[in-house]
$ cat query_27.pdb   # PDB, C-alpha atoms
ATOM      1  CA  MET A   1      -3.724 -16.062 -48.645
ATOM      2  CA  GLY A   2      -2.722 -19.529 -47.515
ATOM      3  CA  ASN A   3      -3.159 -21.089 -44.119
ATOM      4  CA  PRO A   4      -0.683 -19.965 -41.431
ATOM      5  CA  ARG A   5       2.216 -22.308 -40.803
ATOM      6  CA  PRO A   6       3.967 -23.255 -37.550
ATOM      7  CA  ILE A   7       6.809 -20.995 -36.523
ATOM      8  CA  GLY A   8       9.598 -21.614 -34.061
ATOM      9  CA  ILE A   9      12.251 -19.857 -32.020
ATOM     10  CA  LEU A  10      15.619 -21.312 -31.012
ATOM     11  CA  LEU A  11      15.970 -21.544 -27.260
ATOM     12  CA  VAL A  12      18.596 -23.072 -24.968
ATOM     13  CA  GLY A  13      20.501 -26.303 -25.582
ATOM     14  CA  ALA A  14      19.605 -29.690 -24.111
ATOM     15  CA  VAL A  15      21.388 -32.983 -23.552
ATOM     16  CA  VAL A  16      20.113 -36.439 -24.495
ATOM     17  CA  SER A  17      21.926 -39.625 -23.540
ATOM     18  CA  ALA A  18      21.413 -43.322 -24.109
ATOM     19  CA  LEU A  19      19.919 -45.347 -21.283
ATOM     20  CA  PRO A  20      22.022 -48.403 -20.362
ATOM     21  CA  CYS A  21      20.525 -51.743 -21.337
ATOM     22  CA  THR A  22      19.135 -53.808 -18.479
ATOM     23  CA  GLY A  23      17.540 -57.226 -18.117
ATOM     24  CA  GLN A  24      18.594 -60.765 -18.914
ATOM     25  CA  SER A  25      19.421 -62.147 -22.331
ATOM     26  CA  ALA A  26      17.001 -64.552 -23.960
ATOM     27  CA  PRO A  27      18.207 -68.002 -25.088
ATOM     28  CA  ILE A  28      19.130 -68.194 -28.754
ATOM     29  CA  ALA A  29      16.817 -70.249 -30.956
ATOM     30  CA  PRO A  30      18.203 -72.558 -33.665
ATOM     31  CA  ALA A  31      19.015 -70.712 -36.897
ATOM     32  CA  SER A  32      16.874 -73.275 -38.716
ATOM     33  CA  ASN A  33      13.771 -71.775 -37.072
ATOM     34  CA  PRO A  34      13.679 -68.067 -38.025
ATOM     35  CA  LEU A  35      10.201 -67.507 -36.550
ATOM     36  CA  ALA A  36      11.321 -68.764 -33.143
ATOM     37  CA  THR A  37      14.494 -66.695 -33.376
ATOM     38  CA  HIS A  38      12.501 -63.560 -34.144
ATOM     39  CA  ALA A  39      10.057 -64.258 -31.305
ATOM     40  CA  GLU A  40      12.891 -64.731 -28.806
ATOM     41  CA  THR A  41      14.570 -61.563 -30.020
ATOM     42  CA  ARG A  42      11.330 -59.619 -29.532
ATOM     43  CA  GLU A  43      10.967 -61.013 -26.013
ATOM     44  CA  ALA A  44      14.548 -60.043 -25.151
ATOM     45  CA  VAL A  45      14.083 -56.510 -26.501
ATOM     46  CA  GLN A  46      10.757 -56.197 -24.685
ATOM     47  CA  ARG A  47      12.352 -57.181 -21.362
ATOM     48  CA  ARG A  48      15.216 -54.757 -21.899
ATOM     49  CA  VAL A  49      13.087 -51.781 -22.968
ATOM     50  CA  PHE A  50      10.166 -52.123 -20.578
ATOM     51  CA  SER A  51      12.033 -52.069 -17.300
ATOM     52  CA  GLY A  52      12.034 -49.574 -14.459
ATOM     53  CA  PRO A  53       9.166 -47.054 -14.715
ATOM     54  CA  MET A  54       8.126 -48.436 -18.111
ATOM     55  CA  ALA A  55       7.427 -51.868 -16.606
ATOM     56  CA  SER A  56       4.071 -50.471 -15.446
ATOM     57  CA  ILE A  57       2.765 -50.534 -19.033
ATOM     58  CA  SER A  58       0.423 -53.475 -19.617
ATOM     59  CA  ALA A  59       1.716 -56.524 -21.492
ATOM     60  CA  GLY A  60      -0.576 -55.730 -24.415
ATOM     61  CA  GLY A  61       0.597 -52.131 -24.400
ATOM     62  CA  GLN A  62       4.234 -53.205 -24.395
ATOM     63  CA  ALA A  63       3.682 -55.480 -27.391
ATOM     64  CA  ARG A  64       1.902 -52.714 -29.297
ATOM     65  CA  LEU A  65       4.572 -50.118 -28.487
ATOM     66  CA  LEU A  66       7.335 -52.502 -29.538
ATOM     67  CA  GLN A  67       5.536 -53.098 -32.833
ATOM     68  CA  ILE A  68       5.366 -49.328 -33.460
ATOM     69  CA  ALA A  69       8.967 -48.716 -32.361
ATOM     70  CA  GLU A  70      10.561 -51.365 -34.552
ATOM     71  CA  ARG A  71       9.229 -49.806 -37.756
ATOM     72  CA  PRO A  72      10.759 -48.910 -40.118
ATOM     73  CA  GLN A  73      14.283 -49.924 -39.025
ATOM     74  CA  GLY A  74      13.808 -53.245 -37.240
ATOM     75  CA  LEU A  75      14.201 -54.539 -33.698
ATOM     76  CA  ASP A  76      17.886 -53.684 -33.519
ATOM     77  CA  SER A  77      16.964 -49.991 -33.677
ATOM     78  CA  VAL A  78      14.639 -50.089 -30.654
ATOM     79  CA  ARG A  79      16.123 -48.331 -27.658
ATOM     80  CA  VAL A  80      15.383 -46.066 -24.722
ATOM     81  CA  VAL A  81      17.061 -42.684 -24.201
ATOM     82  CA  THR A  82      17.102 -40.499 -21.123
ATOM     83  CA  PHE A  83      15.956 -36.907 -21.419
ATOM     84  CA  GLU A  84      15.773 -34.583 -18.440
ATOM     85  CA  GLY A  85      16.360 -37.583 -16.186
ATOM     86  CA  ARG A  86      13.458 -39.658 -17.522
ATOM     87  CA  PRO A  87      13.451 -42.677 -19.849
ATOM     88  CA  HIS A  88      11.863 -42.184 -23.281
ATOM     89  CA  LEU A  89      11.131 -44.909 -25.815
ATOM     90  CA  LEU A  90      12.717 -43.691 -29.056
ATOM     91  CA  LEU A  91      10.588 -43.928 -32.211
ATOM     92  CA  ARG A  92      12.157 -43.010 -35.541
ATOM     93  CA  THR A  93      10.377 -41.825 -38.659
ATOM     94  CA  TYR A  94      10.950 -39.786 -41.812
ATOM     95  CA  GLU A  95       9.771 -36.395 -42.964
ATOM     96  CA  SER A  96       7.128 -36.296 -45.676
ATOM     97  CA  ALA A  97       7.891 -34.856 -49.117
ATOM     98  CA  TYR A  98       5.259 -32.178 -48.416
ATOM     99  CA  THR A  99       7.097 -30.662 -45.475
ATOM    100  CA  CYS A 100      10.424 -30.947 -47.295
ATOM    101  CA  GLY A 101       9.209 -28.382 -49.825
ATOM    102  CA  ILE A 102       8.685 -25.682 -47.180
ATOM    103  CA  GLY A 103      12.306 -24.622 -46.608
ATOM    104  CA  GLY A 104      15.701 -25.669 -45.305
ATOM    105  CA  ALA A 105      16.179 -28.114 -42.431
ATOM    106  CA  GLY A 106      16.853 -25.215 -40.055
ATOM    107  CA  ASP A 107      13.578 -23.481 -40.926
ATOM    108  CA  PRO A 108      11.431 -23.571 -37.746
ATOM    109  CA  ARG A 109       8.276 -23.518 -39.878
ATOM    110  CA  ARG A 110       9.394 -26.691 -41.639
ATOM    111  CA  GLN A 111      10.271 -28.340 -38.324
ATOM    112  CA  GLY A 112       6.818 -27.557 -36.959
ATOM    113  CA  GLU A 113       5.123 -28.942 -40.052
ATOM    114  CA  ALA A 114       7.199 -32.136 -39.801
ATOM    115  CA  ILE A 115       6.004 -32.621 -36.233
ATOM    116  CA  ALA A 116       2.349 -32.047 -37.120
ATOM    117  CA  GLU A 117       2.512 -34.116 -40.310
ATOM    118  CA  VAL A 118       4.554 -37.098 -39.079
ATOM    119  CA  ALA A 119       5.022 -37.148 -35.306
ATOM    120  CA  PHE A 120       1.415 -36.494 -34.262
ATOM    121  CA  PRO A 121      -0.015 -39.658 -35.926
ATOM    122  CA  ILE A 122       2.661 -41.762 -34.214
ATOM    123  CA  LEU A 123       1.869 -40.207 -30.837
ATOM    124  CA  ARG A 124      -1.830 -40.960 -31.377
ATOM    125  CA  ASN A 125      -0.969 -44.622 -31.955
ATOM    126  CA  VAL A 126       1.390 -44.658 -28.985
ATOM    127  CA  GLY A 127      -1.188 -43.008 -26.731
ATOM    128  CA  THR A 128      -3.786 -45.692 -27.440
ATOM    129  CA  ALA A 129      -1.413 -48.608 -26.759
ATOM    130  CA  ASP A 130      -2.398 -48.584 -23.074
ATOM    131  CA  THR A 131      -5.292 -46.321 -22.065
ATOM    132  CA  ALA A 132      -4.165 -46.441 -18.407
ATOM    133  CA  MET A 133      -0.556 -45.586 -19.242
ATOM    134  CA  SER A 134       0.975 -43.126 -16.786
ATOM    135  CA  GLY A 135       4.275 -42.605 -15.047
ATOM    136  CA  PRO A 136       7.670 -40.876 -15.104
ATOM    137  CA  PHE A 137       8.559 -41.898 -18.661
ATOM    138  CA  GLY A 138       7.738 -40.791 -22.167
ATOM    139  CA  PHE A 139       8.265 -41.112 -25.905
ATOM    140  CA  ALA A 140      10.856 -39.506 -28.166
ATOM    141  CA  ILE A 141       9.797 -39.069 -31.787
ATOM    142  CA  LEU A 142      12.830 -38.483 -34.026
ATOM    143  CA  VAL A 143      11.933 -37.219 -37.512
ATOM    144  CA  ARG A 144      14.772 -37.546 -40.039
ATOM    145  CA  LEU A 145      14.564 -34.547 -42.361
ATOM    146  CA  LYS A 146      14.893 -34.994 -46.110
ATOM    147  CA  VAL A 147      17.503 -33.361 -48.286
ATOM    148  CA  THR A 148      16.084 -30.268 -49.974
ATOM    149  CA  GLY A 149      16.031 -30.832 -53.719
ATOM    150  CA  SER A 150      15.562 -34.597 -53.419
ATOM    151  CA  CYS A 151      12.547 -34.693 -51.165
ATOM    152  CA  GLY A 152      11.227 -37.944 -52.570
ATOM    153  CA  ASN A 153      14.040 -40.180 -51.379
ATOM    154  CA  GLY A 154      17.022 -38.359 -49.864
ATOM    155  CA  ASN A 155      17.530 -38.037 -46.104
ATOM    156  CA  SER A 156      20.012 -35.717 -44.427
ATOM    157  CA  ASP A 157      21.708 -36.075 -41.056
ATOM    158  CA  ASP A 158      19.372 -33.386 -39.700
ATOM    159  CA  SER A 159      16.451 -34.351 -37.512
ATOM    160  CA  VAL A 160      13.847 -32.751 -35.289
ATOM    161  CA  SER A 161      12.932 -34.602 -32.091
ATOM    162  CA  MET A 162       9.923 -34.315 -29.817
ATOM    163  CA  TYR A 163       9.975 -35.601 -26.219
ATOM    164  CA  ALA A 164       6.477 -36.170 -24.845
ATOM    165  CA  SER A 165       5.461 -37.617 -21.485
ATOM    166  CA  ALA A 166       3.366 -40.779 -21.322
ATOM    167  CA  ASP A 167       0.520 -38.816 -19.748
ATOM    168  CA  ALA A 168       0.553 -36.187 -22.489
ATOM    169  CA  ALA A 169       0.638 -38.816 -25.261
ATOM    170  CA  ARG A 170      -2.292 -40.692 -23.730
ATOM    171  CA  GLN A 171      -4.340 -37.509 -23.282
ATOM    172  CA  PHE A 172      -3.570 -36.353 -26.829
ATOM    173  CA  ALA A 173      -4.695 -39.712 -28.254
ATOM    174  CA  ALA A 174      -7.917 -39.479 -26.239
ATOM    175  CA  GLY A 175      -8.638 -35.975 -27.566
ATOM    176  CA  GLN A 176      -8.281 -34.433 -24.110
ATOM    177  CA  ILE A 177      -5.563 -31.996 -25.237
ATOM    178  CA  THR A 178      -4.808 -30.349 -28.589
ATOM    179  CA  GLY A 179      -1.680 -30.694 -30.673
ATOM    180  CA  GLN A 180      -0.474 -27.292 -29.478
ATOM    181  CA  GLN A 181      -1.071 -28.266 -25.852
ATOM    182  CA  LEU A 182       0.879 -31.465 -26.473
ATOM    183  CA  ILE A 183       3.796 -29.453 -27.858
ATOM    184  CA  ASP A 184       3.627 -26.984 -24.964
ATOM    185  CA  ARG A 185       3.902 -29.877 -22.515
ATOM    186  CA  SER A 186       6.768 -31.478 -24.471
ATOM    187  CA  SER A 187      10.282 -30.554 -25.597
ATOM    188  CA  VAL A 188      11.234 -30.161 -29.259
ATOM    189  CA  LEU A 189      14.915 -30.207 -30.264
ATOM    190  CA  PHE A 190      16.750 -29.409 -33.471
ATOM    191  CA  GLY A 191      20.532 -29.553 -33.618
ATOM    192  CA  GLY A 192      20.730 -29.993 -29.847
ATOM    193  CA  ASN A 193      18.724 -26.830 -29.234
ATOM    194  CA  ALA A 194      15.173 -26.517 -27.975
ATOM    195  CA  VAL A 195      12.698 -25.051 -30.480
ATOM    196  CA  GLU A 196       9.416 -23.374 -29.546
ATOM    197  CA  VAL A 197       6.719 -24.408 -32.041
ATOM    198  CA  ARG A 198       3.411 -22.674 -32.703
ATOM    199  CA  LEU A 199       0.849 -24.526 -34.798
ATOM    200  CA  PRO A 200      -1.944 -22.871 -36.828
ATOM    201  CA  LYS A 201      -5.069 -22.030 -34.838
TER     202      LYS A 201
END

$ encode --input "query_27.pdb" --output "structure tokens"
Amino acid sequence: MGNPRPIGILLVGAVVSALPCTGQSAPIAPASNPLATHAETREAVQRRVFSGPMASISAGGQARLLQIAERPQGLDSVRVVTFEGRPHLLLRTYESAYTCGIGGAGDPRRQGEAIAEVAFPILRNVGTADTAMSGPFGFAILVRLKVTGSCGNGNSDDSVSMYASADAARQFAAGQITGQQLIDRSSVLFGGNAVEVRLPK
């Protein structure tokens, strides 16, 4: 008998909206100096993203979080969304081929595996960016699910998203709470609906 897999139950719907951009624009560097242009773009994005409650994150933590957030889609993909009235830095990633083989995109077991397999490592990295990080903000991990039958390279429009508070991410990275406790303190959405996830013991 194999190891037990995460299961999930569809709950009520939830609403996520984009947070308006704030902050001042950075001066544009000459096109002949791409390194300076990139540096100025990073500074502008950093000022825009780390405002309000997220301004309390240390400068080193901000730089590290921006580095994590811009992969794999670049600086133009970095943004903050509001969820339940709080800002969340959005981090995008892709499902592994392993979890793709479990079932369809709507399979709660597959969604739970995608979170454990892909989102947890990102949250560990995020949680160590600033060991004093705390406040009324968090991190949204959006996992793009792969197309069943072409798990190696195809991606569908389906995604599972996890919204974790800054405190929970920091405590998870420090080993103070388990993955299941992190999920219990977070919100997981699929198709606009909350999903309750149970990981293996």

$ closest_residue --input "query_27.pdb" --among "A:His88, A:Ala173, A:Thr82, A:Gln111" --to "Ala194 of chain A" --atoms "all atoms listed in the file"
A:Gln111

$ closest_residue --input "query_27.pdb" --among "A:Pro53, A:Gly175, A:Pro108, A:Gly61" --to "Glu196 of chain A" --atoms "only C-alpha atoms"
A:Pro108

$ resolve_selection --input "query_27.pdb" --expression "the PyMOL selection byres ((chain A and resi 92) around 10)" --output "JSON, numbers by chain"
{"A": [68, 69, 70, 71, 72, 73, 77, 78, 89, 90, 91, 93, 94, 119, 122, 140, 141, 142, 143, 144, 159, 161]}

$ closest_residue --input "query_27.pdb" --among "A:Ala166, A:Leu189, A:Leu66, A:Met133" --to "Gln46 of chain A" --atoms "all atoms listed in the file"
A:Leu66

$ axis_aligned_box --input "query_27.pdb" --around "segment 126-143 of chain A" --padding-each-side "4 Å" --output "lines of an AutoDock Vina configuration file"
center_x = 3.8
center_y = -42.9
center_z = -26.3
size_x = 26.1
size_y = 19.4
size_z = 30.5

$ atom_distance --input "query_27.pdb" --atom1 "atom CA of Ser165 of chain A" --atom2 "atom CA of Val126 of chain A"
11.1 Å

$ resolve_selection --input "query_27.pdb" --expression "the PyMOL selection byres ((chain A and resi 113-115) around 8)" --output "list of chain:residue names"
A:Arg5, A:Pro6, A:Glu95, A:Ser96, A:Thr99, A:Arg109, A:Arg110, A:Gln111, A:Gly112, A:Ala116, A:Glu117, A:Val118, A:Ala119, A:Phe120, A:Val143, A:Val160, A:Met162

$ atom_distance --input "query_27.pdb" --atom1 "atom CA of Gln180 of chain A" --atom2 "atom CA of Leu199 of chain A"
6.1 Å

$ resolve_selection --input "query_27.pdb" --expression "the PyMOL selection byres ((chain A and resi 178) around 12)" --output "list in words"
Ala116, Phe120, Arg124, Ala168, Ala169, Arg170, Gln171, Phe172, Ala173, Ala174, Gly175, Gln176, Ile177, Gly179, Gln180, Gln181, Leu182, Ile183, Asp184, Arg185, Arg198, Leu199, Pro200 and Lys201 of chain A

$ write_last_selection --input "query_27.pdb" --atoms "C-alpha atoms" --output "short mmCIF file (atom, residue, chain, number, x, y, z; two decimals), keeping the file's coordinate frame"
data_model
loop_
_atom_site.label_atom_id
_atom_site.label_comp_id
_atom_site.auth_asym_id
_atom_site.auth_seq_id
_atom_site.Cartn_x
_atom_site.Cartn_y
_atom_site.Cartn_z
CA ALA A 116 2.35 -32.05 -37.12
CA PHE A 120 1.42 -36.49 -34.26
CA ARG A 124 -1.83 -40.96 -31.38
CA ALA A 168 0.55 -36.19 -22.49
CA ALA A 169 0.64 -38.82 -25.26
CA ARG A 170 -2.29 -40.69 -23.73
CA GLN A 171 -4.34 -37.51 -23.28
CA PHE A 172 -3.57 -36.35 -26.83
CA ALA A 173 -4.70 -39.71 -28.25
CA ALA A 174 -7.92 -39.48 -26.24
CA GLY A 175 -8.64 -35.98 -27.57
CA GLN A 176 -8.28 -34.43 -24.11
CA ILE A 177 -5.56 -32.00 -25.24
CA GLY A 179 -1.68 -30.69 -30.67
CA GLN A 180 -0.47 -27.29 -29.48
CA GLN A 181 -1.07 -28.27 -25.85
CA LEU A 182 0.88 -31.46 -26.47
CA ILE A 183 3.80 -29.45 -27.86
CA ASP A 184 3.63 -26.98 -24.96
CA ARG A 185 3.90 -29.88 -22.52
CA ARG A 198 3.41 -22.67 -32.70
CA LEU A 199 0.85 -24.53 -34.80
CA PRO A 200 -1.94 -22.87 -36.83
CA LYS A 201 -5.07 -22.03 -34.84
#

$ residues_around --input "query_27.pdb" --residues "Arg86 of chain A" --least-positions-apart "3" --cutoff "7 Å" --atoms "all atoms listed in the file" --output "list in words"
Thr82, Phe83, Pro136 and Phe137 of chain A

$ closest_residue --input "query_27.pdb" --among "A:Leu65, A:Ala129, A:Ala59, A:Cys151" --to "Gly101 of chain A" --atoms "only C-alpha atoms"
A:Cys151

$ closest_residue --input "query_27.pdb" --among "A:Leu145, A:Arg42, A:Val81, A:Gly74" --to "Gln62 of chain A" --atoms "only C-alpha atoms"
A:Arg42

$ atom_distance --input "query_27.pdb" --atom1 "atom CA of Val197 of chain A" --atom2 "atom CA of Ile102 of chain A"
15.3 Å
